[in-house]
file target_36.cif (mmCIF, C-alpha atoms and all ligand atoms)
data_model
#
loop_
_atom_site.label_atom_id
_atom_site.label_comp_id
_atom_site.auth_asym_id
_atom_site.auth_seq_id
_atom_site.Cartn_x
_atom_site.Cartn_y
_atom_site.Cartn_z
CA MET A 29 -36.62 124.44 -77.83
CA PRO A 30 -34.62 121.53 -76.35
CA LEU A 31 -36.23 118.74 -74.32
CA VAL A 32 -37.45 120.09 -70.98
CA THR A 33 -38.34 118.63 -67.59
CA SER A 34 -41.96 118.65 -66.44
CA ALA A 35 -41.32 121.04 -63.51
CA GLU A 36 -42.61 124.24 -65.12
CA MET A 37 -45.33 122.39 -67.07
CA PHE A 38 -46.75 120.93 -63.87
CA LYS A 39 -46.69 124.24 -62.03
CA LYS A 40 -48.66 125.93 -64.81
CA ALA A 41 -51.02 122.96 -65.12
CA TYR A 42 -51.69 122.90 -61.38
CA ASP A 43 -52.41 126.62 -61.25
CA GLY A 44 -54.36 126.56 -64.52
CA GLY A 45 -56.63 123.61 -63.72
CA TYR A 46 -55.55 121.41 -66.62
CA ALA A 47 -53.35 118.34 -67.13
CA ILE A 48 -50.50 117.43 -69.47
CA GLY A 49 -51.01 114.38 -71.67
CA ALA A 50 -48.40 111.66 -71.22
CA PHE A 51 -48.56 109.44 -74.27
CA ASN A 52 -46.59 106.21 -74.71
CA VAL A 53 -44.39 105.98 -77.78
CA ASN A 54 -43.10 102.83 -79.46
CA ASN A 55 -42.42 103.77 -83.08
CA MET A 56 -42.11 106.67 -85.51
CA GLU A 57 -45.77 106.88 -86.52
CA ILE A 58 -46.93 107.11 -82.91
CA VAL A 59 -44.38 109.85 -82.13
CA GLN A 60 -45.47 111.77 -85.24
CA GLY A 61 -49.20 111.40 -84.65
CA ILE A 62 -48.93 112.68 -81.07
CA THR A 63 -46.52 115.54 -81.67
CA GLU A 64 -48.18 116.83 -84.84
CA ALA A 65 -51.42 117.21 -82.88
CA CYS A 66 -49.59 118.93 -80.01
CA GLN A 67 -47.74 121.28 -82.36
CA GLU A 68 -50.99 122.28 -84.11
CA GLU A 69 -52.86 122.70 -80.82
CA LYS A 70 -49.92 124.45 -79.11
CA ALA A 71 -49.97 121.91 -76.29
CA PRO A 72 -47.07 120.91 -74.04
CA VAL A 73 -46.56 117.15 -74.04
CA ILE A 74 -44.84 114.25 -72.28
CA LEU A 75 -43.64 111.42 -74.52
CA GLN A 76 -43.08 108.35 -72.39
CA VAL A 77 -41.17 105.17 -72.99
CA SER A 78 -41.74 101.95 -71.07
CA LYS A 79 -39.34 99.09 -70.38
CA GLY A 80 -41.25 97.18 -73.09
CA ALA A 81 -40.81 100.05 -75.56
CA ARG A 82 -37.04 100.11 -74.92
CA ALA A 83 -36.92 96.34 -75.46
CA TYR A 84 -38.97 96.61 -78.66
CA ALA A 85 -37.55 99.68 -80.38
CA ASN A 86 -34.17 100.19 -78.66
CA HIS A 87 -33.35 103.12 -76.37
CA ASN A 88 -31.32 104.99 -79.00
CA TYR A 89 -33.99 104.79 -81.69
CA LEU A 90 -36.61 106.14 -79.31
CA VAL A 91 -34.41 109.01 -78.10
CA LYS A 92 -33.57 109.97 -81.68
CA LEU A 93 -37.24 109.81 -82.74
CA VAL A 94 -38.14 112.15 -79.89
CA GLU A 95 -35.23 114.45 -80.76
CA ALA A 96 -36.57 114.54 -84.33
CA ALA A 97 -39.98 115.56 -82.95
CA VAL A 98 -38.30 118.37 -81.01
CA ILE A 99 -36.84 119.68 -84.29
CA CYS A 100 -40.15 119.31 -86.17
CA CYS A 101 -42.24 120.88 -83.38
CA PRO A 102 -40.26 123.96 -82.36
CA ASP A 103 -43.18 125.73 -80.67
CA ILE A 104 -43.99 123.27 -77.89
CA PRO A 105 -42.18 121.99 -74.79
CA ILE A 106 -41.58 118.22 -74.92
CA VAL A 107 -40.55 115.97 -72.00
CA LEU A 108 -38.96 112.55 -72.56
CA HIS A 109 -40.03 110.36 -69.65
CA LEU A 110 -39.35 106.78 -68.53
CA ASP A 111 -42.69 105.10 -67.78
CA HIS A 112 -42.76 102.53 -64.96
CA GLY A 113 -39.02 102.36 -64.37
CA PRO A 114 -38.66 98.98 -62.66
CA ASP A 115 -35.36 99.59 -60.83
CA PHE A 116 -32.50 102.02 -60.18
CA GLU A 117 -30.39 100.67 -63.06
CA THR A 118 -33.07 101.30 -65.70
CA CYS A 119 -33.70 104.80 -64.35
CA LYS A 120 -29.95 105.51 -64.37
CA ALA A 121 -29.64 104.29 -67.98
CA CYS A 122 -32.38 106.69 -69.03
CA ILE A 123 -31.00 109.61 -66.98
CA ASP A 124 -27.56 109.02 -68.52
CA GLY A 125 -29.15 108.46 -71.93
CA GLY A 126 -31.00 111.72 -72.57
CA PHE A 127 -34.32 111.46 -70.69
CA THR A 128 -35.49 114.53 -68.78
CA SER A 129 -37.87 112.68 -66.45
CA VAL A 130 -38.12 109.18 -64.99
CA MET A 131 -40.68 107.21 -63.05
CA ILE A 132 -39.47 104.73 -60.47
CA ASP A 133 -42.34 102.33 -59.90
CA GLY A 134 -41.70 100.88 -56.48
CA SER A 135 -45.38 100.25 -55.90
CA ALA A 136 -44.98 96.48 -55.78
CA HIS A 137 -42.51 96.81 -52.87
CA SER A 138 -43.26 97.41 -49.21
CA PHE A 139 -43.72 101.07 -48.20
CA GLU A 140 -40.21 101.16 -46.72
CA GLU A 141 -38.54 99.54 -49.75
CA ASN A 142 -40.48 101.83 -52.09
CA ILE A 143 -39.12 104.83 -50.17
CA GLU A 144 -35.60 103.44 -50.31
CA VAL A 145 -35.42 102.78 -54.06
CA THR A 146 -37.31 105.98 -54.91
CA ARG A 147 -34.97 108.11 -52.77
CA LYS A 148 -31.95 106.52 -54.47
CA VAL A 149 -33.33 107.38 -57.92
CA VAL A 150 -34.20 110.93 -56.83
CA GLU A 151 -30.67 111.56 -55.55
CA TYR A 152 -29.13 110.47 -58.84
CA ALA A 153 -31.76 112.16 -61.04
CA HIS A 154 -31.66 115.51 -59.27
CA ALA A 155 -27.87 115.55 -59.44
CA HIS A 156 -28.31 115.30 -63.23
CA GLY A 157 -31.15 117.81 -63.68
CA VAL A 158 -33.82 115.12 -64.17
CA VAL A 159 -37.17 114.98 -62.36
CA VAL A 160 -38.76 111.89 -60.78
CA GLU A 161 -42.28 110.46 -60.50
CA GLY A 162 -42.96 107.95 -57.72
CA GLU A 163 -46.00 105.74 -57.13
CA LEU A 164 -48.01 104.81 -54.06
CA GLY A 165 -50.83 102.29 -54.30
CA THR A 166 -51.16 99.77 -57.12
CA LEU A 167 -53.30 99.70 -60.22
CA ALA A 168 -55.12 96.56 -61.23
CA GLY A 169 -54.72 95.81 -64.90
CA ILE A 170 -53.53 93.67 -67.71
CA GLU A 171 -50.34 95.07 -69.23
CA ASP A 172 -47.21 93.33 -70.48
CA GLU A 173 -44.66 94.73 -68.10
CA VAL A 174 -46.69 96.32 -65.35
CA SER A 175 -49.20 93.72 -64.37
CA HIS A 176 -50.66 93.94 -60.89
CA ALA A 177 -53.33 91.27 -60.58
CA VAL A 178 -55.07 93.06 -57.73
CA GLY A 179 -54.97 96.80 -57.26
CA SER A 180 -55.10 98.69 -53.99
CA TYR A 181 -56.04 102.33 -53.54
CA THR A 182 -53.44 104.81 -52.36
CA ARG A 183 -53.60 105.41 -48.60
CA PRO A 184 -53.66 109.20 -48.16
CA GLU A 185 -52.13 108.93 -44.70
CA GLU A 186 -48.89 107.68 -46.33
CA VAL A 187 -48.32 110.38 -48.93
CA GLU A 188 -46.65 113.12 -46.84
CA GLU A 189 -44.06 110.74 -45.43
CA PHE A 190 -43.41 109.25 -48.89
CA VAL A 191 -42.93 112.61 -50.57
CA SER A 192 -40.83 114.16 -47.81
CA LYS A 193 -38.55 111.12 -47.39
CA THR A 194 -38.01 110.53 -51.13
CA GLY A 195 -38.00 114.07 -52.57
CA VAL A 196 -40.06 113.01 -55.62
CA ASP A 197 -41.31 115.73 -57.95
CA SER A 198 -44.70 114.12 -58.68
CA LEU A 199 -46.71 111.21 -57.35
CA ALA A 200 -48.81 108.60 -59.16
CA ILE A 201 -51.76 107.46 -57.07
CA ALA A 202 -54.35 104.70 -57.41
CA ILE A 203 -57.95 105.93 -57.34
CA GLY A 204 -59.65 103.29 -59.48
CA THR A 205 -58.00 103.57 -62.89
CA SER A 206 -56.12 100.58 -64.27
CA HIS A 207 -53.94 99.67 -67.23
CA GLY A 208 -55.12 98.18 -70.50
CA ALA A 209 -58.39 98.08 -72.44
CA TYR A 210 -60.34 95.96 -69.94
CA LYS A 211 -60.44 98.23 -66.93
CA PHE A 212 -63.82 97.22 -65.58
CA LYS A 213 -65.86 94.03 -65.73
CA PRO A 214 -69.40 94.49 -67.06
CA GLU A 215 -70.80 93.27 -63.73
CA GLN A 216 -69.03 96.20 -61.98
CA CYS A 217 -70.88 98.66 -64.24
CA THR A 218 -74.39 100.08 -64.33
CA VAL A 219 -76.37 100.47 -67.56
CA ASN A 220 -77.47 104.02 -68.45
CA GLU A 221 -80.63 105.09 -70.31
CA ASN A 222 -78.88 104.56 -73.68
CA GLY A 223 -77.88 101.01 -72.80
CA ILE A 224 -74.22 102.03 -72.31
CA LEU A 225 -72.18 100.41 -69.52
CA VAL A 226 -71.08 103.03 -66.97
CA PRO A 227 -68.10 102.06 -64.79
CA PRO A 228 -67.90 102.82 -61.06
CA PRO A 229 -66.72 106.41 -60.43
CA LEU A 230 -63.10 107.16 -59.63
CA ARG A 231 -62.32 107.74 -55.93
CA PHE A 232 -62.29 111.53 -55.95
CA ASP A 233 -62.45 111.43 -52.16
CA ILE A 234 -58.96 109.87 -52.10
CA LEU A 235 -57.63 112.36 -54.65
CA LYS A 236 -58.95 115.31 -52.64
CA GLU A 237 -57.54 114.00 -49.37
CA VAL A 238 -54.12 113.43 -51.00
CA SER A 239 -54.20 117.01 -52.36
CA ARG A 240 -55.23 118.41 -48.98
CA ARG A 241 -52.18 116.75 -47.47
CA LEU A 242 -49.86 117.80 -50.34
CA PRO A 243 -50.95 121.32 -51.34
CA GLY A 244 -49.59 122.44 -54.71
CA PHE A 245 -48.05 119.02 -55.40
CA PRO A 246 -48.55 117.45 -58.88
CA ILE A 247 -50.47 114.18 -58.95
CA VAL A 248 -50.32 111.64 -61.79
CA LEU A 249 -53.01 109.28 -63.06
CA HIS A 250 -51.97 106.10 -64.83
CA GLY A 251 -54.35 103.78 -66.64
CA SER A 252 -56.38 106.68 -68.00
CA SER A 253 -57.40 105.50 -71.44
CA SER A 254 -61.09 105.86 -72.13
CA VAL A 255 -61.24 102.95 -74.59
CA PRO A 256 -63.31 104.78 -77.26
CA GLN A 257 -66.14 102.50 -78.24
CA ASP A 258 -65.91 103.61 -81.90
CA TYR A 259 -62.46 102.08 -82.09
CA VAL A 260 -63.48 98.95 -80.19
CA LYS A 261 -66.25 98.55 -82.78
CA MET A 262 -63.79 99.18 -85.62
CA VAL A 263 -61.55 96.42 -84.27
CA ASN A 264 -64.46 94.02 -83.79
CA ASP A 265 -66.08 94.82 -87.15
CA ASN A 266 -62.84 94.00 -88.91
CA GLY A 267 -61.92 90.62 -87.57
CA GLY A 268 -60.84 91.54 -84.03
CA LYS A 269 -62.23 90.15 -80.81
CA MET A 270 -62.31 92.62 -77.93
CA PRO A 271 -65.50 91.93 -76.01
CA ASN A 272 -66.29 94.12 -73.01
CA ALA A 273 -63.41 96.56 -73.45
CA ILE A 274 -64.29 99.41 -71.08
CA GLY A 275 -62.30 102.52 -70.09
CA VAL A 276 -62.43 105.55 -67.79
CA PRO A 277 -65.16 108.06 -68.75
CA GLU A 278 -63.54 111.19 -70.18
CA GLU A 279 -65.69 113.53 -68.06
CA GLN A 280 -64.08 112.10 -64.94
CA LEU A 281 -60.60 112.69 -66.31
CA ARG A 282 -61.59 116.28 -67.12
CA GLU A 283 -62.69 116.72 -63.49
CA ALA A 284 -59.41 115.23 -62.22
CA ALA A 285 -57.44 117.58 -64.48
CA LYS A 286 -59.16 120.58 -62.88
CA LEU A 287 -57.94 119.39 -59.47
CA SER A 288 -54.35 118.45 -58.58
CA VAL A 289 -53.86 115.91 -61.39
CA CYS A 290 -51.19 117.40 -63.67
CA LYS A 291 -50.25 114.32 -65.77
CA ILE A 292 -52.65 111.85 -67.35
CA ASN A 293 -51.21 108.69 -68.94
CA ILE A 294 -52.72 107.41 -72.17
CA ASP A 295 -51.46 104.42 -74.12
CA SER A 296 -54.23 101.88 -74.78
CA ASP A 297 -56.37 104.43 -76.67
CA LEU A 298 -53.49 105.00 -79.12
CA ARG A 299 -53.09 101.25 -79.59
CA LEU A 300 -56.80 100.89 -80.29
CA ALA A 301 -56.80 103.72 -82.83
CA MET A 302 -53.81 102.23 -84.62
CA THR A 303 -55.02 98.64 -84.59
CA GLY A 304 -58.62 99.47 -85.53
CA THR A 305 -57.47 101.61 -88.44
CA ILE A 306 -55.05 99.00 -89.77
CA ARG A 307 -57.58 96.16 -89.42
CA LYS A 308 -60.15 98.22 -91.34
CA PHE A 309 -57.64 99.11 -94.02
CA PHE A 310 -56.73 95.48 -94.65
CA ASN A 311 -60.35 94.41 -94.63
CA GLU A 312 -61.15 97.04 -97.27
CA HIS A 313 -57.91 96.56 -99.26
CA PRO A 314 -56.89 92.90 -99.06
CA ASP A 315 -54.56 93.37 -102.03
CA LYS A 316 -52.40 96.12 -100.45
CA PHE A 317 -49.06 95.38 -98.87
CA ASP A 318 -47.16 98.70 -98.68
CA PRO A 319 -46.73 99.55 -94.95
CA ARG A 320 -46.86 103.27 -95.78
CA GLU A 321 -50.40 102.86 -97.08
CA TYR A 322 -51.78 101.38 -93.86
CA LEU A 323 -49.57 103.26 -91.40
CA LYS A 324 -50.57 106.63 -92.89
CA PRO A 325 -54.25 106.46 -91.89
CA ALA A 326 -53.27 104.89 -88.56
CA ARG A 327 -50.97 107.85 -87.83
CA ALA A 328 -53.70 110.29 -88.92
CA ASN A 329 -56.22 108.72 -86.55
CA ILE A 330 -53.74 108.81 -83.66
CA LYS A 331 -53.28 112.50 -84.39
CA GLU A 332 -57.03 113.21 -84.29
CA LEU A 333 -57.48 111.16 -81.13
CA VAL A 334 -54.68 113.07 -79.40
CA ARG A 335 -56.15 116.38 -80.58
CA HIS A 336 -59.46 115.41 -78.98
CA LYS A 337 -57.70 114.54 -75.71
CA LEU A 338 -55.80 117.84 -75.65
CA VAL A 339 -58.84 119.97 -76.37
CA ASP A 340 -61.74 118.14 -74.72
CA VAL A 341 -60.22 116.08 -71.91
CA LEU A 342 -56.89 117.45 -70.68
CA GLY A 343 -57.57 121.13 -71.29
CA CYS A 344 -53.94 121.79 -72.28
CA ALA A 345 -54.47 123.04 -75.85
CA GLY A 346 -53.02 126.53 -76.24
CA LYS A 347 -50.92 126.22 -73.06
CA ALA A 348 -47.50 125.78 -74.71
O1 LIG B 1 -48.56 101.42 -68.31
C1 LIG B 1 -48.01 100.80 -69.20
C2 LIG B 1 -47.97 101.28 -70.58
O2 LIG B 1 -49.22 101.14 -71.21
C3 LIG B 1 -46.85 100.62 -71.32
O3 LIG B 1 -47.19 99.34 -71.68
O4 LIG B 1 -45.33 97.88 -70.93
O5 LIG B 1 -46.80 97.22 -72.86
O6 LIG B 1 -45.14 99.09 -73.09
P1 LIG B 1 -46.04 98.31 -72.17
P1 LIG B 2 -53.76 102.95 -70.32
O1 LIG B 2 -53.52 101.48 -70.46
O2 LIG B 2 -55.09 103.23 -69.67
O3 LIG B 2 -53.59 103.69 -71.60
O4 LIG B 2 -52.65 103.52 -69.29
C1 LIG B 2 -51.37 103.84 -69.75
C2 LIG B 2 -50.43 104.08 -68.64
O5 LIG B 2 -50.77 104.25 -67.49
C3 LIG B 2 -49.00 104.16 -68.98
O6 LIG B 2 -48.20 104.25 -67.85
ZN ZN B 3 -48.94 103.26 -66.13
#
call {"tool": "encode", "arguments": {"input": "target_36.cif", "output": "structure tokens"}}
result
Amino acid sequence: MPLVTSAEMFKKAYDGGYAIGAFNVNNMEIVQGITEACQEEKAPVILQVSKGARAYANHNYLVKLVEAAVICCPDIPIVLHLDHGPDFETCKACIDGGFTSVMIDGSAHSFEENIEVTRKVVEYAHAHGVVVEGELGTLAGIEDEVSHAVGSYTRPEEVEEFVSKTGVDSLAIAIGTSHGAYKFKPEQCTVNENGILVPPPLRFDILKEVSRRLPGFPIVLHGSSSVPQDYVKMVNDNGGKMPNAIGVPEEQLREAAKLSVCKINIDSDLRLAMTGTIRKFFNEHPDKFDPREYLKPARANIKELVRHKLVDVLGCAGKA
């Protein structure tokens, strides 16, 4: 089937109490690892491209890689989405250039300016059959292109006005997740009986209040990597240095997916799986230099990680 928008996916996910995985793609192996898992698990999927990905890989290469995945995975619906669109021009370039969904991230602007730029993107996108994600509230985090030094939770009292004035199709909110692999400082965490650091819980009270005010409306969570400690260890055991990398507990994401959260963004976990695997490979095979030899296990581990997310966290396996 051709690329689709997320409209029907989100409706089914909302009613079914699960979420769609939105995975960031930057190269062929990442696209393949994600979509092979989705095809095998019969899971709908959102492949998302950031400003940084377009700068790295080139818009046309990424669109063609995703179109190749559509051909290779005929049984699943695939959305091609712009992640954190910084302005109208970038959103327009993606709408004109084959994307079926865009995010306009006006969260760094004032409430009024956010409404203005988001409404402008919605008008253009809807006229071209493309859906739009907006954002209210900011996520703290360390990320190349989307750094917000200090995050602020979404104010539920603003969401109805934002959605009705902009016409967005989904809304990203800030309830305590953040971008990158260092989401929480150890001093913010408690230590459980197994000596594992447990981060502060997500603000489910805010999520529920937003959903009460926007019944049936799809909510998006950014910054939702769980930072698997096996991969952090793999990185650190093989020459890396990632002390105190901590993510969002997967059980909390599963709970959010049962509520109004229909899209869960995951990027850092894929990066960790790829980097850990490649570091280990080189440590074990210092004589090897064929990229296919180290990218193959990296792609395989991305695939297994995505399979785990689909089945155990998002609940969207079998929903294609
Ligand atoms: O939320 C941001 C994504 O992880 C994309 O990151 O800007 O480094 O491509 P990036
Ligand atoms: P992570 O850094 O937690 O993977 O978040 C990715 C994201 O929100 C992409 O928009
Ligand atoms: Zn994000």
call {"tool": "atom_distance", "arguments": {"input": "target_36.cif", "atom1": "atom CA of A:Met37", "atom2": "atom CA of A:Leu235"}}
result
20.2 Å
call {"tool": "axis_aligned_box", "arguments": {"input": "target_36.cif", "around": "stretch 269-288 of chain A", "padding_each_side": "4 Å", "output": "JSON"}}
result
{"center_x": -60.3, "center_y": 105.4, "center_z": -69.7, "size_x": 19.9, "size_y": 38.4, "size_z": 30.2}
call {"tool": "residues_around", "arguments": {"input": "target_36.cif", "residues": "A:Ala209", "least_positions_apart": "2", "cutoff": "9 Å", "atoms": "all atoms listed in the file", "output": "list of chain:residue names"}}
result
A:Gly169, A:Ile170, A:Ser206, A:His207, A:Lys211, A:Phe212, A:Ser253, A:Ser254, A:Val255, A:Met270, A:Asn272, A:Ala273, A:Ile274, A:Gly275, A:Ser296, A:Asp297, A:Leu300
call {"tool": "residues_near_point", "arguments": {"input": "target_36.cif", "point": "(-54.9, 115.5, -48.7)", "cutoff": "12 Å", "atoms": "all atoms listed in the file", "output": "PyMOL selection string"}}
result
chain A and resi 182-188+232-245+247+287-288
call {"tool": "residues_around", "arguments": {"input": "target_36.cif", "residues": "A:Lys337", "least_positions_apart": "6", "cutoff": "9 Å", "atoms": "only C-alpha atoms", "output": "PyMOL selection string"}}
result
chain A and resi 49+278+343-344
call {"tool": "residues_near_ligand", "arguments": {"input": "target_36.cif", "ligand": "ligand LIG 1 (chain B)", "cutoff": "8 Å", "atoms": "all atoms listed in the file", "output": "PyMOL selection string"}}
result
chain A and resi 52+54+77-81+111-112+171-174+207-208+250-251+293-296
call {"tool": "closest_residue", "arguments": {"input": "target_36.cif", "among": "A:Pro214, A:Pro72, A:Pro227, A:Gly162", "to": "A:Ser192", "atoms": "all atoms listed in the file"}}
result
A:Gly162
call {"tool": "residues_around", "arguments": {"input": "target_36.cif", "residues": "A:Pro271", "least_positions_apart": "4", "cutoff": "10 Å", "atoms": "all atoms listed in the file", "output": "JSON, numbers by chain"}}
result
{"A": [210, 260, 261, 264]}
call {"tool": "atom_distance", "arguments": {"input": "target_36.cif", "atom1": "atom CA of A:Ile62", "atom2": "atom CA of A:Ala41"}}
result
19.1 Å
call {"tool": "closest_residue", "arguments": {"input": "target_36.cif", "among": "A:Ile224, A:Val145, A:Val248, A:Leu281", "to": "ligand ZN 3 (chain B)", "atoms": "only C-alpha atoms and all ligand atoms"}}
result
A:Val248
call {"tool": "closest_residue", "arguments": {"input": "target_36.cif", "among": "A:Leu298, A:Ala47, A:Leu93, A:Ala65", "to": "ligand LIG 2 (chain B)", "atoms": "all atoms listed in the file"}}
result
A:Leu298
call {"tool": "atom_distance", "arguments": {"input": "target_36.cif", "atom1": "atom CA of A:Met131", "atom2": "atom CA of A:Gln76"}}
result
9.7 Å
call {"tool": "residues_near_point", "arguments": {"input": "target_36.cif", "point": "(-50.6, 117.0, -75.5)", "cutoff": "10 Å", "atoms": "all atoms listed in the file", "output": "VMD selection string"}}
result
chain A and resid 47 to 51 62 to 67 69 to 75 104 to 106 292 334 to 339 342 to 348
call {"tool": "residues_around", "arguments": {"input": "target_36.cif", "residues": "A:Arg327", "least_positions_apart": "6", "cutoff": "7 Å", "atoms": "only C-alpha atoms", "output": "PDB file with C-alpha atoms, in the coordinates of the input"}}
result
ATOM      1  CA  GLU A  57     -45.770 106.880 -86.520  1.00  0.00           C
ATOM      2  CA  ILE A  58     -46.930 107.110 -82.910  1.00  0.00           C
ATOM      3  CA  GLY A  61     -49.200 111.400 -84.650  1.00  0.00           C
TER       4      GLY A  61
END
call {"tool": "closest_residue", "arguments": {"input": "target_36.cif", "among": "A:Gly195, A:Pro256, A:Gly223, A:Pro314", "to": "ligand LIG 2 (chain B)", "atoms": "all atoms listed in the file"}}
result
A:Pro256
call {"tool": "closest_residue", "arguments": {"input": "target_36.cif", "among": "A:Val191, A:Cys101, A:Leu110, A:Leu164", "to": "ligand LIG 2 (chain B)", "atoms": "all atoms listed in the file"}}
result
A:Leu110
call {"tool": "closest_residue", "arguments": {"input": "target_36.cif", "among": "A:Lys39, A:Lys213, A:Lys148, A:His109", "to": "ligand LIG 2 (chain B)", "atoms": "only C-alpha atoms and all ligand atoms"}}
result
A:His109
call {"tool": "build_atoms", "arguments": {"input": "target_36.cif", "residues": "stretch 223-230 of chain A", "atoms": "all heavy atoms", "output": "compact mmCIF listing (two decimals), in the frame of the given file"}}
result
# COMPACT_ATOMS: atom_id res chain seq x y z
N GLY A 223 -78.37 102.38 -72.74
CA GLY A 223 -77.88 101.01 -72.80
C GLY A 223 -76.37 100.91 -72.76
O GLY A 223 -75.79 99.87 -73.05
N ILE A 224 -75.69 102.02 -72.37
CA ILE A 224 -74.22 102.03 -72.31
C ILE A 224 -73.77 101.64 -70.90
O ILE A 224 -74.36 102.07 -69.90
CB ILE A 224 -73.69 103.45 -72.64
CG1 ILE A 224 -74.32 103.92 -73.94
CG2 ILE A 224 -72.16 103.50 -72.59
CD1 ILE A 224 -73.48 104.11 -75.12
N LEU A 225 -72.71 100.82 -70.83
CA LEU A 225 -72.18 100.41 -69.52
C LEU A 225 -71.39 101.57 -68.90
O LEU A 225 -70.50 102.14 -69.53
CB LEU A 225 -71.24 99.21 -69.68
CG LEU A 225 -71.92 97.88 -70.03
CD1 LEU A 225 -70.87 96.81 -70.32
CD2 LEU A 225 -72.86 97.43 -68.91
N VAL A 226 -71.75 101.92 -67.68
CA VAL A 226 -71.08 103.03 -66.97
C VAL A 226 -70.27 102.45 -65.81
O VAL A 226 -70.83 101.85 -64.89
CB VAL A 226 -72.11 104.05 -66.44
CG1 VAL A 226 -71.41 105.20 -65.74
CG2 VAL A 226 -73.00 104.54 -67.57
N PRO A 227 -68.93 102.63 -65.85
CA PRO A 227 -68.10 102.06 -64.79
C PRO A 227 -68.27 102.77 -63.45
O PRO A 227 -68.79 103.90 -63.41
CB PRO A 227 -66.67 102.24 -65.31
CG PRO A 227 -66.74 103.10 -66.50
CD PRO A 227 -68.15 103.32 -66.88
N PRO A 228 -67.82 102.15 -62.37
CA PRO A 228 -67.90 102.82 -61.06
C PRO A 228 -67.05 104.08 -61.08
O PRO A 228 -66.00 104.11 -61.72
CB PRO A 228 -67.32 101.79 -60.09
CG PRO A 228 -66.59 100.80 -60.93
CD PRO A 228 -67.19 100.83 -62.29
N PRO A 229 -67.48 105.15 -60.38
CA PRO A 229 -66.72 106.41 -60.43
C PRO A 229 -65.35 106.29 -59.78
O PRO A 229 -65.16 105.46 -58.87
CB PRO A 229 -67.61 107.40 -59.66
CG PRO A 229 -68.57 106.58 -58.89
CD PRO A 229 -68.70 105.25 -59.56
N LEU A 230 -64.42 107.10 -60.26
CA LEU A 230 -63.10 107.16 -59.63
C LEU A 230 -63.25 107.66 -58.20
O LEU A 230 -64.21 108.37 -57.87
CB LEU A 230 -62.18 108.11 -60.42
CG LEU A 230 -61.88 107.71 -61.86
CD1 LEU A 230 -60.95 108.74 -62.50
CD2 LEU A 230 -61.28 106.32 -61.94
